[in-house]
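data-v2.cif (mmCIF, C-alpha atoms, pLDDT in the B column; chains and numbers go by the auth columns) appears below.
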data_work
loop_
_atom_site.group_PDB
_atom_site.id
_atom_site.type_symbol
_atom_site.label_atom_id
_atom_site.label_comp_id
_atom_site.label_asym_id
_atom_site.label_seq_id
_atom_site.Cartn_x
_atom_site.Cartn_y
_atom_site.Cartn_z
_atom_site.B_iso_or_equiv
_atom_site.auth_seq_id
_atom_site.auth_asym_id
ATOM 1 C CA VAL A 1 110.430 102.717 107.974 53.00 21 A
ATOM 2 C CA ALA A 2 109.293 101.146 111.220 56.00 22 A
ATOM 3 C CA ILE A 3 111.177 98.533 113.193 62.00 23 A
ATOM 4 C CA ASP A 4 109.282 96.288 115.602 73.00 24 A
ATOM 5 C CA PHE A 5 110.289 96.354 119.228 85.00 25 A
ATOM 6 C CA LEU A 6 113.217 94.004 119.779 87.00 26 A
ATOM 7 C CA ASP A 7 115.118 92.795 122.836 91.00 27 A
ATOM 8 C CA ASN A 8 118.891 92.729 123.065 90.00 28 A
ATOM 9 C CA SER A 9 120.893 91.090 125.853 93.00 29 A
ATOM 10 C CA VAL A 10 123.685 93.472 126.872 94.00 30 A
ATOM 11 C CA ALA A 11 126.673 92.011 128.708 94.00 31 A
ATOM 12 C CA THR A 12 129.280 93.612 130.934 94.00 32 A
ATOM 13 C CA GLY A 13 132.861 94.288 129.853 93.00 33 A
ATOM 14 C CA SER A 14 132.509 96.236 126.605 94.00 34 A
ATOM 15 C CA ALA A 15 129.981 98.171 124.557 94.00 35 A
ATOM 16 C CA GLN A 16 127.804 96.139 122.199 94.00 36 A
ATOM 17 C CA SER A 17 125.746 97.340 119.265 93.00 37 A
ATOM 18 C CA ILE A 18 122.044 97.884 119.918 93.00 38 A
ATOM 19 C CA ILE A 19 121.399 99.732 116.644 89.00 39 A
ATOM 20 C CA ALA A 20 124.271 99.367 114.159 88.00 40 A
ATOM 21 C CA SER A 21 123.428 102.598 112.301 83.00 41 A
ATOM 22 C CA ASN A 22 120.317 104.482 111.276 82.00 42 A
ATOM 23 C CA SER A 23 120.103 105.571 107.651 82.00 43 A
ATOM 24 C CA ALA A 24 117.955 108.682 108.216 86.00 44 A
ATOM 25 C CA PHE A 25 116.853 110.991 111.008 91.00 45 A
ATOM 26 C CA SER A 26 115.136 108.658 113.474 88.00 46 A
ATOM 27 C CA TYR A 27 113.243 108.485 116.721 92.00 47 A
ATOM 28 C CA VAL A 28 114.795 105.880 119.003 92.00 48 A
ATOM 29 C CA TYR A 29 113.116 104.132 121.945 95.00 49 A
ATOM 30 C CA LEU A 30 115.224 102.339 124.590 97.00 50 A
ATOM 31 C CA LYS A 31 114.124 100.608 127.804 97.00 51 A
ATOM 32 C CA VAL A 32 116.165 98.542 130.252 97.00 52 A
ATOM 33 C CA VAL A 33 113.667 95.736 130.825 97.00 53 A
ATOM 34 C CA SER A 34 115.601 93.613 133.301 96.00 54 A
ATOM 35 C CA GLY A 35 118.954 92.955 134.881 96.00 55 A
ATOM 36 C CA ALA A 36 120.595 90.198 136.855 92.00 56 A
ATOM 37 C CA ASN A 37 120.200 92.448 139.943 92.00 57 A
ATOM 38 C CA THR A 38 117.999 95.444 140.730 88.00 58 A
ATOM 39 C CA THR A 39 121.103 97.658 140.983 94.00 59 A
ATOM 40 C CA ASP A 40 122.346 96.872 137.428 97.00 60 A
ATOM 41 C CA TRP A 41 122.443 99.633 134.840 97.00 61 A
ATOM 42 C CA VAL A 42 123.350 100.199 131.196 98.00 62 A
ATOM 43 C CA GLN A 43 125.605 102.899 129.791 98.00 63 A
ATOM 44 C CA ILE A 44 124.244 104.032 126.415 97.00 64 A
ATOM 45 C CA LYS A 45 126.682 105.379 123.836 96.00 65 A
ATOM 46 C CA LEU A 46 125.508 107.478 120.897 93.00 66 A
ATOM 47 C CA GLY A 47 128.015 107.752 118.065 89.00 67 A
ATOM 48 C CA GLY A 48 130.670 106.189 120.330 91.00 68 A
ATOM 49 C CA ASP A 49 130.270 108.667 123.215 94.00 69 A
ATOM 50 C CA ALA A 50 128.693 107.749 126.574 96.00 70 A
ATOM 51 C CA LYS A 51 125.517 109.832 126.917 96.00 71 A
ATOM 52 C CA LEU A 52 123.006 107.994 129.130 97.00 72 A
ATOM 53 C CA LYS A 53 122.966 105.933 132.321 98.00 73 A
ATOM 54 C CA MET A 54 119.784 103.855 132.411 98.00 74 A
ATOM 55 C CA ARG A 55 118.699 101.739 135.358 97.00 75 A
ATOM 56 C CA VAL A 56 116.363 98.738 135.212 96.00 76 A
ATOM 57 C CA GLY A 57 112.859 100.001 134.406 96.00 77 A
ATOM 58 C CA GLU A 58 113.985 103.314 132.901 97.00 78 A
ATOM 59 C CA PHE A 59 113.323 104.307 129.282 97.00 79 A
ATOM 60 C CA ALA A 60 114.348 106.996 126.814 97.00 80 A
ATOM 61 C CA PHE A 61 112.804 108.323 123.621 95.00 81 A
ATOM 62 C CA LEU A 62 115.338 110.261 121.518 94.00 82 A
ATOM 63 C CA PRO A 63 115.421 112.107 118.196 94.00 83 A
ATOM 64 C CA LEU A 64 118.675 111.044 116.536 91.00 84 A
ATOM 65 C CA TYR A 65 120.573 112.311 113.500 90.00 85 A
ATOM 66 C CA SER A 66 121.337 109.802 110.725 88.00 86 A
ATOM 67 C CA SER A 67 124.439 107.592 110.630 88.00 87 A
ATOM 68 C CA GLN A 68 124.599 107.177 114.412 89.00 88 A
ATOM 69 C CA THR A 69 125.362 103.954 116.236 92.00 89 A
ATOM 70 C CA VAL A 70 123.629 103.123 119.510 95.00 90 A
ATOM 71 C CA GLN A 71 125.655 100.899 121.839 96.00 91 A
ATOM 72 C CA GLY A 72 125.142 99.638 125.356 97.00 92 A
ATOM 73 C CA GLU A 73 127.366 98.247 128.094 97.00 93 A
ATOM 74 C CA ALA A 74 125.921 96.708 131.248 97.00 94 A
ATOM 75 C CA PHE A 75 127.391 97.401 134.678 97.00 95 A
ATOM 76 C CA GLY A 76 126.853 95.091 137.637 96.00 96 A
ATOM 77 C CA GLY A 77 125.291 92.254 135.651 96.00 97 A
ATOM 78 C CA ALA A 78 123.894 91.543 132.187 96.00 98 A
ATOM 79 C CA CYS A 79 120.736 93.462 131.231 97.00 99 A
ATOM 80 C CA VAL A 80 118.004 93.124 128.611 97.00 100 A
ATOM 81 C CA VAL A 81 117.345 96.279 126.570 97.00 101 A
ATOM 82 C CA GLU A 82 114.152 96.681 124.544 96.00 102 A
ATOM 83 C CA TYR A 83 114.503 99.021 121.579 95.00 103 A
ATOM 84 C CA GLY A 84 112.880 100.276 118.409 92.00 104 A
ATOM 85 C CA TYR A 85 113.426 103.080 115.937 88.00 105 A
ATOM 86 C CA TRP A 86 111.466 104.916 113.289 87.00 106 A
ATOM 87 C CA SER A 87 113.010 106.857 110.404 83.00 107 A
ATOM 88 C CA ILE A 88 111.643 109.952 108.770 76.00 108 A
ATOM 89 C CA SER A 89 112.342 110.498 105.097 68.00 109 A
#
Would you put the structure from the file into structure tokens?
Amino acid sequence: VAIDFLDNSVATGSAQSIIASNSAFSYVYLKVVSGANTTDWVQIKLGGDAKLKMRVGEFAFLPLYSSQTVQGEAFGGACVVEYGYWSIS
């Protein structure tokens, strides 16, 4: 199953869902497209645990086990995160 690339505005203050849950082993693409300031960054949580610090312009491509949530929380100012995921059956 393929998901088109989508944008999600991520605010400061608390983690917000980027991908609610994947139903099968998936490849996940994340990119911080923009922020209110060039120094803004997004903390990415996988399964509820902080795993990545991504600055504006940075991207990640991850293999991810099923039933994992992907959340983001912006620091500094709100950021836009582009994402997509592809499941393997």
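Once A:Lys51 and its same-chain neighbours fewer than 2 positions away are set aside, Asp27, Tyr49, Val53, Ser54, Val62, Met74, Arg75, Val76, Gly77, Glu78, Phe79, Ala80, Phe81, Val100, Val101, Glu102, Tyr103 and Gly104 of chain A remain within 10 Å of it when counting all atoms listed in the file.
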Can you list every residue of stretch 37-73 of chain A that has an atom at most 9 Å from stretch 86-95 of chain A, with its nearest atom pair and the distance in Å to one decimal, using all atoms listed in the file, ordered by chain then number, as a Markdown table?
| residue | atom | partner | partner_atom | distance |
| --- | --- | --- | --- | --- |
| A:Ser37 | CA | A:Gln91 | CA | 4.4 |
| A:Ile38 | CA | A:Gln91 | CA | 5.1 |
| A:Ile39 | CA | A:Val90 | CA | 5.0 |
| A:Ala40 | CA | A:Thr89 | CA | 5.2 |
| A:Ser41 | CA | A:Thr89 | CA | 4.6 |
| A:Asn42 | CA | A:Ser87 | CA | 5.2 |
| A:Ser43 | CA | A:Ser86 | CA | 5.4 |
| A:Ala44 | CA | A:Ser86 | CA | 4.4 |
| A:Phe45 | CA | A:Ser86 | CA | 4.6 |
| A:Ser46 | CA | A:Ser86 | CA | 6.9 |
| A:Gly55 | CA | A:Ala94 | CA | 8.7 |
| A:Thr59 | CA | A:Phe95 | CA | 8.9 |
| A:Asp60 | CA | A:Phe95 | CA | 5.8 |
| A:Trp61 | CA | A:Phe95 | CA | 5.4 |
| A:Val62 | CA | A:Ala94 | CA | 4.3 |
| A:Gln63 | CA | A:Glu93 | CA | 5.3 |
| A:Ile64 | CA | A:Gly92 | CA | 4.6 |
| A:Lys65 | CA | A:Gln91 | CA | 5.0 |
| A:Leu66 | CA | A:Val90 | CA | 4.9 |
| A:Gly67 | CA | A:Thr89 | CA | 5.0 |
| A:Gly68 | CA | A:Thr89 | CA | 7.1 |
| A:Ala70 | CA | A:Gln91 | CA | 8.9 |
Work out how far atom CA of A:Tyr47 is from atom CA of A:Thr32, in Å to one decimal.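 Spanning atom CA of A:Thr32 to atom CA of A:Tyr47 is a straight-line distance of 26.1 Å.
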Length of the atom CA of A:Cys99 to atom CA of A:Thr58 vector [Å]: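 These two atoms are separated by 10.1 Å.
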Between atom CA of A:Gly33 and atom CA of A:Trp106, what is the distance in Å, rounded to a tenth? 29.1 Å
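Among the candidates A:Leu82, A:Ala56, A:Ala35, A:Val48, the residue lying nearest to A:Tyr105 is A:Val48 (atoms considered: all atoms listed in the file).
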Could you tell me which of A:Gln36, A:Tyr85, A:Leu26, A:Lys73 comes closest to A:Ser107 if we count only C-alpha atoms?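 Looking at the shortest contact to A:Ser107, the residue is A:Tyr85.
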Using only C-alpha atoms, which of the listed residues (A:Asn28, A:Leu84, A:Val52, A:Asn57) sits closest to A:Gly96?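 Closest residue, counting only C-alpha atoms: A:Asn57.
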Listed atoms of stretch 61-75 of chain A boxed along x, y and z, 5 Å each side, centre and edge lengths in Å, one decimal, as AutoDock Vina command-line options:
--center_x 124.7 --center_y 104.7 --center_z 126.7 --size_x 22.0 --size_y 20.2 --size_z 27.3
